[in-house]
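J.: See structure.cif below, with mmCIF, C-alpha atoms.
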data_work
#
loop_
_atom_site.label_atom_id
_atom_site.label_comp_id
_atom_site.auth_asym_id
_atom_site.auth_seq_id
_atom_site.Cartn_x
_atom_site.Cartn_y
_atom_site.Cartn_z
CA MET A 1 138.50 128.75 159.82
CA ASP A 2 135.94 130.62 157.66
CA TRP A 3 138.49 131.09 154.91
CA ILE A 4 138.98 127.30 154.68
CA PHE A 5 135.26 126.79 154.06
CA LEU A 6 135.30 129.58 151.48
CA LEU A 7 138.32 128.03 149.77
CA ILE A 8 136.70 124.55 149.72
CA ALA A 9 133.42 126.02 148.40
CA PHE A 10 135.34 127.91 145.70
CA VAL A 11 137.23 124.77 144.62
CA ILE A 12 134.01 122.73 144.46
CA ILE A 13 132.20 125.39 142.42
CA ALA A 14 135.18 125.81 140.06
CA ALA A 15 135.42 122.03 139.57
CA ALA A 16 131.68 121.75 138.93
CA LEU A 17 131.82 124.55 136.37
CA ALA A 18 134.81 123.00 134.62
CA VAL A 19 133.12 119.60 134.42
CA GLY A 20 129.85 121.17 133.24
CA MET A 21 131.54 123.20 130.52
CA ARG A 22 133.49 120.19 129.30
CA TRP A 23 130.42 117.90 129.40
CA GLY A 24 128.21 120.40 127.55
CA SER A 25 130.69 120.99 124.76
CA ARG A 26 131.73 117.36 124.30
CA SER A 27 129.09 116.50 121.69
CA GLU A 28 129.32 119.74 119.72
CA LYS A 29 133.01 120.37 119.13
CA VAL A 30 135.73 118.72 117.17
CA THR A 31 137.87 116.83 119.64
CA PRO A 32 141.64 117.35 119.50
CA GLU A 33 142.18 113.60 119.64
CA THR A 34 140.30 112.91 116.42
CA ASP A 35 140.02 116.26 114.61
CA ARG A 36 136.58 115.02 113.53
CA SER A 37 133.14 116.34 114.24
CA PRO A 38 130.56 113.98 115.76
CA TYR A 39 128.50 113.83 112.52
CA GLN A 40 128.22 111.39 109.66
CA SER A 41 126.47 111.26 106.30
CA ARG A 42 122.91 110.00 106.15
CA ARG A 43 123.86 108.50 102.76
CA TYR A 44 120.48 109.16 101.07
CA LEU A 45 118.47 112.37 100.98
CA PHE A 46 115.14 110.57 100.73
CA THR A 47 113.68 107.56 102.46
CA GLN A 48 112.89 104.61 100.21
CA THR A 49 109.22 105.63 100.11
CA GLU A 50 110.05 109.24 99.21
CA ARG A 51 112.47 108.17 96.43
CA TYR A 52 109.85 105.80 95.08
CA PHE A 53 107.13 108.46 95.09
CA LEU A 54 109.42 111.04 93.46
CA GLY A 55 109.86 108.58 90.59
CA ILE A 56 106.08 108.45 90.19
CA LEU A 57 105.79 112.26 90.17
CA ASP A 58 108.59 112.39 87.57
CA GLN A 59 106.48 110.32 85.19
CA PHE A 60 103.74 112.90 84.73
CA ILE A 61 104.91 116.27 86.08
CA ASP A 62 106.78 117.78 83.17
CA ASN A 63 109.48 120.46 82.96
CA ARG A 64 106.99 123.32 83.44
CA TYR A 65 107.21 122.44 87.13
CA ARG A 66 109.97 121.64 89.61
CA LYS A 67 109.67 119.22 92.50
CA PHE A 68 111.55 119.92 95.72
CA GLY A 69 111.75 117.44 98.57
CA LYS A 70 112.14 117.80 102.32
CA VAL A 71 111.36 121.51 102.27
CA ARG A 72 111.02 123.36 105.58
CA LEU A 73 107.53 124.70 106.15
CA ALA A 74 109.17 128.03 107.07
CA ASP A 75 110.68 128.16 103.56
CA ILE A 76 107.24 128.50 101.96
CA ILE A 77 105.21 130.34 104.61
CA GLN A 78 106.02 132.94 107.23
CA PRO A 79 104.28 134.61 110.15
CA GLN A 80 102.34 137.74 109.29
CA ARG A 81 104.46 140.88 109.49
CA GLU A 82 102.01 142.82 111.64
CA LEU A 83 102.34 140.40 114.59
CA SER A 84 104.11 141.63 117.70
CA ARG A 85 107.71 140.50 118.01
CA ASP A 86 106.87 137.85 120.63
CA LYS A 87 103.91 136.48 118.65
CA TRP A 88 105.95 136.48 115.43
CA HIS A 89 108.74 134.46 117.06
CA GLY A 90 106.23 132.08 118.65
CA ALA A 91 104.54 131.51 115.29
CA PHE A 92 107.89 131.05 113.54
CA ASN A 93 109.06 128.54 116.14
CA ARG A 94 105.99 126.39 115.37
CA ILE A 95 106.93 126.11 111.69
CA LYS A 96 110.72 126.32 111.55
CA SER A 97 111.49 122.63 112.11
CA ARG A 98 108.61 121.05 110.21
CA ARG A 99 109.37 119.46 106.85
CA LEU A 100 107.16 118.83 103.84
CA ASP A 101 107.67 115.78 101.61
CA PHE A 102 107.35 117.57 98.25
CA VAL A 103 106.72 121.14 97.16
CA ILE A 104 105.72 121.68 93.53
CA CYS A 105 106.70 125.02 91.97
CA LYS A 106 106.40 126.61 88.54
CA ALA A 107 109.74 126.21 86.78
CA SER A 108 109.55 129.70 85.27
CA ASP A 109 109.63 131.63 88.56
CA LEU A 110 109.61 128.98 91.32
CA SER A 111 106.27 130.24 92.61
CA ILE A 112 104.64 127.67 94.86
CA VAL A 113 101.88 125.58 93.28
CA GLY A 114 101.22 123.13 96.11
CA VAL A 115 102.45 120.49 98.53
CA VAL A 116 102.30 116.70 98.33
CA GLU A 117 102.57 114.78 101.60
CA ILE A 118 102.95 111.01 101.83
CA ASP A 119 101.41 109.67 105.03
CA ASP A 120 102.90 106.41 106.28
CA ARG A 121 102.00 104.51 109.46
CA ALA A 122 103.81 107.07 111.60
CA HIS A 123 101.06 109.54 110.65
CA ASP A 124 98.50 107.42 112.51
CA THR A 125 99.70 108.56 115.94
CA LEU A 126 97.77 111.30 117.75
CA LYS A 127 100.85 113.55 117.79
CA ARG A 128 101.32 113.22 114.01
CA LYS A 129 97.61 113.73 113.36
CA ASP A 130 97.77 116.98 115.35
CA ARG A 131 100.89 117.99 113.41
CA ASN A 132 99.18 117.22 110.09
CA GLU A 133 96.09 119.24 111.04
CA PHE A 134 98.30 122.19 112.01
CA VAL A 135 100.29 121.99 108.75
CA ASP A 136 97.14 121.64 106.65
CA LYS A 137 95.54 124.64 108.40
CA VAL A 138 98.51 127.00 108.00
CA LEU A 139 98.97 125.98 104.36
CA GLN A 140 95.26 126.51 103.71
CA ASP A 141 95.39 129.92 105.42
CA ALA A 142 98.38 130.82 103.21
CA GLY A 143 96.49 129.74 100.08
CA ILE A 144 98.74 126.76 99.35
CA PRO A 145 96.93 123.53 98.45
CA VAL A 146 98.14 120.33 100.09
CA LEU A 147 97.52 116.83 98.80
CA ARG A 148 97.83 114.01 101.33
CA LEU A 149 98.25 110.50 100.01
CA PRO A 150 98.64 107.29 102.00
CA ALA A 151 101.95 105.48 101.60
CA LYS A 152 101.38 102.23 99.70
CA ARG A 153 103.40 99.42 98.25
CA GLY A 154 102.00 100.21 94.82
CA TYR A 155 100.32 103.12 93.06
CA VAL A 156 98.28 103.48 89.91
CA ILE A 157 99.93 106.40 88.16
CA GLY A 158 96.65 107.62 86.65
CA GLU A 159 95.09 107.91 90.12
CA ILE A 160 98.03 109.90 91.47
CA ARG A 161 98.09 112.08 88.33
CA GLU A 162 94.36 112.81 88.71
CA ALA A 163 94.68 113.63 92.42
CA VAL A 164 97.63 115.98 91.78
CA THR A 165 95.83 117.67 88.87
CA LYS A 166 92.61 118.12 90.82
CA LYS A 167 94.08 119.25 94.15
CA LEU A 168 96.98 121.39 92.91
CA GLY A 169 95.20 122.69 89.80
CA ILE A 170 98.08 122.03 87.41
CA GLU A 171 98.29 120.55 83.94
CA VAL A 172 100.40 117.42 83.78
CA LEU A 173 101.46 114.98 81.10
CA ASP A 174 98.76 112.61 79.98
CA THR A 175 100.27 109.21 80.54
CA THR A 176 97.38 107.30 79.03
CA LYS A 177 99.00 103.99 79.76
CA GLU A 178 97.58 103.21 83.19
CA THR A 179 100.47 101.64 84.97
CA THR A 180 100.67 100.32 88.48
CA ILE A 181 104.09 100.86 89.97
CA ARG A 182 105.15 98.70 92.88
CA LYS A 183 107.89 99.43 95.35
CA THR A 184 110.69 96.90 95.22
#
Let's see the structure in the file written out as structure tokens.
T.:
Amino acid sequence: MDWIFLLIAFVIIAAALAVGMRWGSRSEKVTPETDRSPYQSRRYLFTQTERYFLGILDQFIDNRYRKFGKVRLADIIQPQRELSRDKWHGAFNRIKSRRLDFVICKASDLSIVGVVEIDDRAHDTLKRKDRNEFVDKVLQDAGIPVLRLPAKRGYVIGEIREAVTKKLGIEVLDTTKETTIRKT
């Protein structure tokens, strides 16, 4: 009689494991029925606001500098080497998935000049404000200037040029024609 209960318990556990393994791998693997992964193209690298703002930066940041978008925070800063292994991993985990809108680098050696962040309405939430404060603090501690600008429907190029020049300390093209660019 005991062996029947053991056999039933074994069958139930084996079935539960089989279902769990199949359920857990369903979303990650290519299925034999389709030979396709569960992913698709996002179509555009940048949001409409980011594309629009990149066009503005292109008007006055010349070829002495390069602009990179959607850069991981962990690509431009890292935890200090002298941290213990656990503290290093904890610090790295806080930065590894955070993205920056634009990183400006010198074209000659790709050294980091500064960061430009565009803050839309999503940045008004408490969670995003905390995230922004954290990002600003770690960039400041690393000696990397960050310029935060509100997302708008239109920008005066001269104002953006002046803010970038002042905050990032770089020379840019003098586009004396003060133009207001509006998002379409």
J.: Suppose you want the space between atom CA of A:Arg131 and atom CA of A:Val146; what is it in Å?
T.: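 Atom CA of A:Val146 lies at a distance of 13.8 Å from atom CA of A:Arg131.
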J.: Got a sec: who's within 9 Å of A:Lys70, counting only C-alpha atoms, leaving out chain neighbours fewer than 5 positions off, as a PyMOL selection string?
T.: chain A and resi 45-46+99-103
J.: Which residue, A:Val71, A:Ile61, A:Leu139, A:Val116, has the smallest gap to A:Ile170 when you use all atoms listed in the file?
T.: A:Ile61
J.: One decimal, in Å: what's the spacing between atom CA of A:Leu173 and atom CA of A:Gln59?
T.: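 Computed distance, atom CA of A:Leu173 to atom CA of A:Gln59, equals 8.0 Å.
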J.: When the PyMOL selection byres ((chain A and resi 92) around 10) is applied to the file above, which residues end up in the set, as a list in words?
T.: Leu73, Ala74, Ile77, Gln78, Pro79, Gln80, Asp86, Lys87, Trp88, His89, Gly90, Ala91, Asn93, Arg94, Ile95, Lys96 and Ser97 of chain A
J.: Could you check the closest approach to A:Ile76 for each of A:Arg153, A:Asp136, A:Glu117, A:Ile144 and tell me which residue wins, using all atoms listed in the file?
T.: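 Result for the nearest residue to A:Ile76: A:Ile144.
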J.: Report, in Å with one decimal, the straight-line distance from atom CA of A:Asp120 to atom CA of A:Pro150.
T.: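 About the pair atom CA of A:Asp120 and atom CA of A:Pro150: they are 6.1 Å apart.
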J.: Kindly resolve the PyMOL selection byres ((chain A and resi 47) around 12) on the present coordinates and return the residues as a list in words.
T.: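 This file gives the following for the PyMOL selection byres ((chain A and resi 47) around 12): Arg42, Arg43, Tyr44, Leu45, Phe46, Gln48, Thr49, Glu50, Arg51, Tyr52, Phe53, Leu54, Gly69, Lys70, Asp101, Ile118, Asp120 and Ala151 of chain A.
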J.: Care to translate the PyMOL selection byres ((chain A and resi 108) around 10) into actual residues of this file, as a list in words?
T.: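 Residues picked by the PyMOL selection byres ((chain A and resi 108) around 10): Asn63, Arg64, Tyr65, Arg66, Cys105, Lys106, Ala107, Asp109, Leu110 and Ser111 of chain A.
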J.: What lies within 9 Å of A:Pro145 using all atoms listed in the file, ignoring chain neighbours under 5 positions off, as a PyMOL selection string?
T.: chain A and resi 113-116+136+139-140+167-169
J.: Would you compute the box with edges along x, y and z of the file around stretch 80-86 of chain A, including every atom the file lists for it and 3 Å extra on each side, and give its centre and edge lengths in Å to one decimal, as AutoDock Vina command-line options?
T.:
--center_x 104.9 --center_y 140.3 --center_z 115.0 --size_x 11.7 --size_y 11.1 --size_z 17.3
J.: Taking into account all atoms listed in the file, which residue in the set A:Ile56, A:Val164, A:Val135, A:Leu126 is nearest to A:Leu147?
T.: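 With all atoms listed in the file as the atom set, the closest residue is A:Val164.
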